[in-house]
Amino acid sequence: MGCQYDFFRLETEAGGYSLMGGVGIVLTGHQEIIRARAAEGWRYCGWIPVKQRSEGYITQVDLVFEKPEAEA
């Protein structure tokens, strides 16, 4: 039996301060999304960086969810 996958794209925001000085990057809303998807039967299995600035900051990520495929 295989799995089906779904992706949820999130934008990061500039905020706070990094340890090396300057502005840090903050991801918000991810916990609520993971809990909501779990209630729908999806399992969180990781994240993929989708968009990155030339300075190295990741500005978009996809949260990856999976669940077993329904049997026919």
# chains A, B, ... in the order shown; residues from 1 in each chain; ligands from 1
>>> residues_around(residues="Trp47 in chain A", least_positions_apart="6", cutoff="7 Å", atoms="only C-alpha atoms", output="ChimeraX atom specification")
/A:61-64
>>> write_last_selection(atoms="N, CA and C atoms", output="compact mmCIF listing (two decimals), in the first residue's frame")
# COMPACT_ATOMS: atom_id res chain seq x y z
N VAL A 61 8.87 27.87 2.48
CA VAL A 61 9.05 26.44 2.73
C VAL A 61 7.75 25.71 2.45
N ASP A 62 7.86 24.46 2.05
CA ASP A 62 6.70 23.58 1.93
C ASP A 62 6.73 22.61 3.11
N LEU A 63 5.65 22.54 3.87
CA LEU A 63 5.48 21.51 4.87
C LEU A 63 4.94 20.28 4.14
N VAL A 64 5.50 19.12 4.42
CA VAL A 64 5.13 17.89 3.70
C VAL A 64 4.32 17.00 4.64
>>> residues_around(residues="Gly2 in chain A", least_positions_apart="3", cutoff="9 Å", atoms="only C-alpha atoms", output="PyMOL selection string")
chain A and resi 67-70
>>> select_by_dssp(residues="chain A", states="strand (DSSP E)", output="PyMOL selection string")
chain A and resi 3-11+13-17+23-26+43-52+58-68
>>> closest_residue(among="A:Val26, A:Cys3, A:Cys45, A:Ala39", to="Phe65 in chain A", atoms="only C-alpha atoms")
A:Cys45
>>> residues_around(residues="Gln60 in chain A", least_positions_apart="4", cutoff="8 Å", atoms="only C-alpha atoms", output="short mmCIF file (atom, residue, chain, number, x, y, z; two decimals) with C-alpha atoms, in the first residue's frame")
data_model
loop_
_atom_site.label_atom_id
_atom_site.label_comp_id
_atom_site.auth_asym_id
_atom_site.auth_seq_id
_atom_site.Cartn_x
_atom_site.Cartn_y
_atom_site.Cartn_z
CA ARG A 9 3.52 26.47 1.46
CA LEU A 10 4.51 28.99 4.14
CA GLU A 11 6.27 32.34 3.84
CA THR A 12 8.93 33.33 6.34
CA PRO A 49 13.00 24.95 1.28
CA VAL A 50 11.31 26.38 -1.82
CA LYS A 51 12.67 29.89 -2.21
CA GLN A 52 15.92 31.33 -0.90
#
>>> select_by_dssp(residues="chain A", states="helix (DSSP H, G or I)", output="ChimeraX atom specification")
/A:30-39
>>> write_last_selection(atoms="all heavy atoms", output="PDB file, in the first residue's frame")
ATOM      1  N   HIS A  30       3.110  27.543  11.648  1.00  0.00           N
ATOM      2  CA  HIS A  30       3.375  26.151  11.302  1.00  0.00           C
ATOM      3  C   HIS A  30       2.774  25.163  12.291  1.00  0.00           C
ATOM      4  O   HIS A  30       2.282  24.112  11.891  1.00  0.00           O
ATOM      5  CB  HIS A  30       4.872  25.905  11.138  1.00  0.00           C
ATOM      6  CG  HIS A  30       5.674  26.267  12.349  1.00  0.00           C
ATOM      7  ND1 HIS A  30       5.945  27.570  12.707  1.00  0.00           N
ATOM      8  CD2 HIS A  30       6.254  25.492  13.282  1.00  0.00           C
ATOM      9  CE1 HIS A  30       6.663  27.570  13.814  1.00  0.00           C
ATOM     10  NE2 HIS A  30       6.865  26.326  14.187  1.00  0.00           N
ATOM     11  N   GLN A  31       2.783  25.493  13.570  1.00  0.00           N
ATOM     12  CA  GLN A  31       2.255  24.551  14.561  1.00  0.00           C
ATOM     13  C   GLN A  31       0.757  24.347  14.387  1.00  0.00           C
ATOM     14  O   GLN A  31       0.265  23.210  14.453  1.00  0.00           O
ATOM     15  CB  GLN A  31       2.565  25.039  15.976  1.00  0.00           C
ATOM     16  CG  GLN A  31       4.048  25.023  16.285  1.00  0.00           C
ATOM     17  CD  GLN A  31       4.364  25.584  17.657  1.00  0.00           C
ATOM     18  OE1 GLN A  31       3.522  26.214  18.307  1.00  0.00           O
ATOM     19  NE2 GLN A  31       5.583  25.375  18.104  1.00  0.00           N
ATOM     20  N   GLU A  32       0.038  25.423  14.135  1.00  0.00           N
ATOM     21  CA  GLU A  32      -1.413  25.327  13.931  1.00  0.00           C
ATOM     22  C   GLU A  32      -1.733  24.503  12.687  1.00  0.00           C
ATOM     23  O   GLU A  32      -2.665  23.695  12.673  1.00  0.00           O
ATOM     24  CB  GLU A  32      -2.044  26.713  13.813  1.00  0.00           C
ATOM     25  CG  GLU A  32      -1.984  27.530  15.086  1.00  0.00           C
ATOM     26  CD  GLU A  32      -0.646  28.252  15.294  1.00  0.00           C
ATOM     27  OE1 GLU A  32       0.228  28.218  14.388  1.00  0.00           O
ATOM     28  OE2 GLU A  32      -0.468  28.824  16.373  1.00  0.00           O
ATOM     29  N   ILE A  33      -0.950  24.699  11.635  1.00  0.00           N
ATOM     30  CA  ILE A  33      -1.177  23.959  10.393  1.00  0.00           C
ATOM     31  C   ILE A  33      -0.909  22.477  10.601  1.00  0.00           C
ATOM     32  O   ILE A  33      -1.701  21.627  10.175  1.00  0.00           O
ATOM     33  CB  ILE A  33      -0.294  24.521   9.262  1.00  0.00           C
ATOM     34  CG1 ILE A  33      -0.758  25.930   8.915  1.00  0.00           C
ATOM     35  CG2 ILE A  33      -0.321  23.614   8.040  1.00  0.00           C
ATOM     36  CD1 ILE A  33       0.229  26.734   8.113  1.00  0.00           C
ATOM     37  N   ILE A  34       0.169  22.137  11.279  1.00  0.00           N
ATOM     38  CA  ILE A  34       0.499  20.725  11.532  1.00  0.00           C
ATOM     39  C   ILE A  34      -0.591  20.074  12.375  1.00  0.00           C
ATOM     40  O   ILE A  34      -1.030  18.946  12.088  1.00  0.00           O
ATOM     41  CB  ILE A  34       1.884  20.605  12.188  1.00  0.00           C
ATOM     42  CG1 ILE A  34       2.965  21.026  11.176  1.00  0.00           C
ATOM     43  CG2 ILE A  34       2.129  19.185  12.693  1.00  0.00           C
ATOM     44  CD1 ILE A  34       4.351  21.184  11.753  1.00  0.00           C
ATOM     45  N   ARG A  35      -1.079  20.766  13.402  1.00  0.00           N
ATOM     46  CA  ARG A  35      -2.156  20.197  14.240  1.00  0.00           C
ATOM     47  C   ARG A  35      -3.446  20.012  13.443  1.00  0.00           C
ATOM     48  O   ARG A  35      -4.133  18.991  13.580  1.00  0.00           O
ATOM     49  CB  ARG A  35      -2.405  21.098  15.446  1.00  0.00           C
ATOM     50  CG  ARG A  35      -1.335  21.013  16.490  1.00  0.00           C
ATOM     51  CD  ARG A  35      -1.706  21.836  17.733  1.00  0.00           C
ATOM     52  NE  ARG A  35      -0.598  21.894  18.641  1.00  0.00           N
ATOM     53  CZ  ARG A  35       0.180  22.958  18.847  1.00  0.00           C
ATOM     54  NH1 ARG A  35      -0.063  24.092  18.219  1.00  0.00           N
ATOM     55  NH2 ARG A  35       1.185  22.909  19.683  1.00  0.00           N
ATOM     56  N   ALA A  36      -3.794  20.996  12.620  1.00  0.00           N
ATOM     57  CA  ALA A  36      -5.026  20.909  11.824  1.00  0.00           C
ATOM     58  C   ALA A  36      -4.944  19.764  10.820  1.00  0.00           C
ATOM     59  O   ALA A  36      -5.911  19.017  10.638  1.00  0.00           O
ATOM     60  CB  ALA A  36      -5.282  22.234  11.104  1.00  0.00           C
ATOM     61  N   ARG A  37      -3.803  19.608  10.168  1.00  0.00           N
ATOM     62  CA  ARG A  37      -3.656  18.532   9.195  1.00  0.00           C
ATOM     63  C   ARG A  37      -3.673  17.167   9.897  1.00  0.00           C
ATOM     64  O   ARG A  37      -4.205  16.195   9.364  1.00  0.00           O
ATOM     65  CB  ARG A  37      -2.367  18.700   8.392  1.00  0.00           C
ATOM     66  CG  ARG A  37      -2.283  19.984   7.560  1.00  0.00           C
ATOM     67  CD  ARG A  37      -3.485  20.218   6.644  1.00  0.00           C
ATOM     68  NE  ARG A  37      -3.767  19.140   5.759  1.00  0.00           N
ATOM     69  CZ  ARG A  37      -3.332  19.014   4.506  1.00  0.00           C
ATOM     70  NH1 ARG A  37      -2.601  19.940   3.985  1.00  0.00           N
ATOM     71  NH2 ARG A  37      -3.648  17.976   3.777  1.00  0.00           N
ATOM     72  N   ALA A  38      -3.090  17.085  11.099  1.00  0.00           N
ATOM     73  CA  ALA A  38      -3.118  15.827  11.858  1.00  0.00           C
ATOM     74  C   ALA A  38      -4.554  15.437  12.184  1.00  0.00           C
ATOM     75  O   ALA A  38      -4.914  14.260  12.118  1.00  0.00           O
ATOM     76  CB  ALA A  38      -2.286  15.952  13.128  1.00  0.00           C
ATOM     77  N   ALA A  39      -5.383  16.417  12.514  1.00  0.00           N
ATOM     78  CA  ALA A  39      -6.793  16.141  12.806  1.00  0.00           C
ATOM     79  C   ALA A  39      -7.521  15.617  11.567  1.00  0.00           C
ATOM     80  O   ALA A  39      -8.536  14.933  11.691  1.00  0.00           O
ATOM     81  CB  ALA A  39      -7.473  17.405  13.330  1.00  0.00           C
TER      82      ALA A  39
END
>>> atom_distance(atom1="CA of Asp6 in chain A", atom2="CA of Ile48 in chain A")
12.2 Å
>>> atom_distance(atom1="CA of Arg43 in chain A", atom2="CA of Phe8 in chain A")
12.5 Å
>>> closest_residue(among="A:Gly29, A:Gly41, A:Tyr5, A:Glu13", to="Ile58 in chain A", atoms="only C-alpha atoms")
A:Glu13
>>> decode(residues="range 45-56 of chain A", atoms="N, CA and C atoms", output="mmCIF file, in the first residue's frame")
data_model
loop_
_atom_site.group_PDB
_atom_site.id
_atom_site.type_symbol
_atom_site.label_atom_id
_atom_site.label_comp_id
_atom_site.auth_asym_id
_atom_site.auth_seq_id
_atom_site.Cartn_x
_atom_site.Cartn_y
_atom_site.Cartn_z
ATOM 1 N N CYS A 45 5.722 15.022 7.822
ATOM 2 C CA CYS A 45 6.927 14.219 7.606
ATOM 3 C C CYS A 45 8.151 15.043 7.217
ATOM 4 N N GLY A 46 8.041 16.364 7.163
ATOM 5 C CA GLY A 46 9.227 17.166 6.904
ATOM 6 C C GLY A 46 8.920 18.468 6.193
ATOM 7 N N TRP A 47 9.988 19.164 5.828
ATOM 8 C CA TRP A 47 9.830 20.432 5.111
ATOM 9 C C TRP A 47 10.885 20.538 4.028
ATOM 10 N N ILE A 48 10.559 21.320 3.015
ATOM 11 C CA ILE A 48 11.458 21.525 1.884
ATOM 12 C C ILE A 48 11.601 23.025 1.666
ATOM 13 N N PRO A 49 12.842 23.536 1.617
ATOM 14 C CA PRO A 49 13.004 24.951 1.280
ATOM 15 C C PRO A 49 12.635 25.160 -0.190
ATOM 16 N N VAL A 50 11.805 26.156 -0.468
ATOM 17 C CA VAL A 50 11.310 26.378 -1.816
ATOM 18 C C VAL A 50 11.960 27.603 -2.459
ATOM 19 N N LYS A 51 12.120 28.645 -1.670
ATOM 20 C CA LYS A 51 12.672 29.891 -2.207
ATOM 21 C C LYS A 51 13.694 30.434 -1.223
ATOM 22 N N GLN A 52 14.839 30.859 -1.755
ATOM 23 C CA GLN A 52 15.919 31.333 -0.903
ATOM 24 C C GLN A 52 16.495 32.618 -1.503
ATOM 25 N N ARG A 53 16.786 33.595 -0.642
ATOM 26 C CA ARG A 53 17.387 34.844 -1.095
ATOM 27 C C ARG A 53 18.887 34.646 -1.306
ATOM 28 N N SER A 54 19.490 35.560 -2.027
ATOM 29 C CA SER A 54 20.920 35.443 -2.319
ATOM 30 C C SER A 54 21.767 35.492 -1.054
ATOM 31 N N GLU A 55 21.231 36.095 0.032
ATOM 32 C CA GLU A 55 21.954 36.146 1.301
ATOM 33 C C GLU A 55 21.888 34.814 2.056
ATOM 34 N N GLY A 56 21.120 33.878 1.530
ATOM 35 C CA GLY A 56 21.008 32.573 2.161
ATOM 36 C C GLY A 56 19.751 32.369 2.980
#
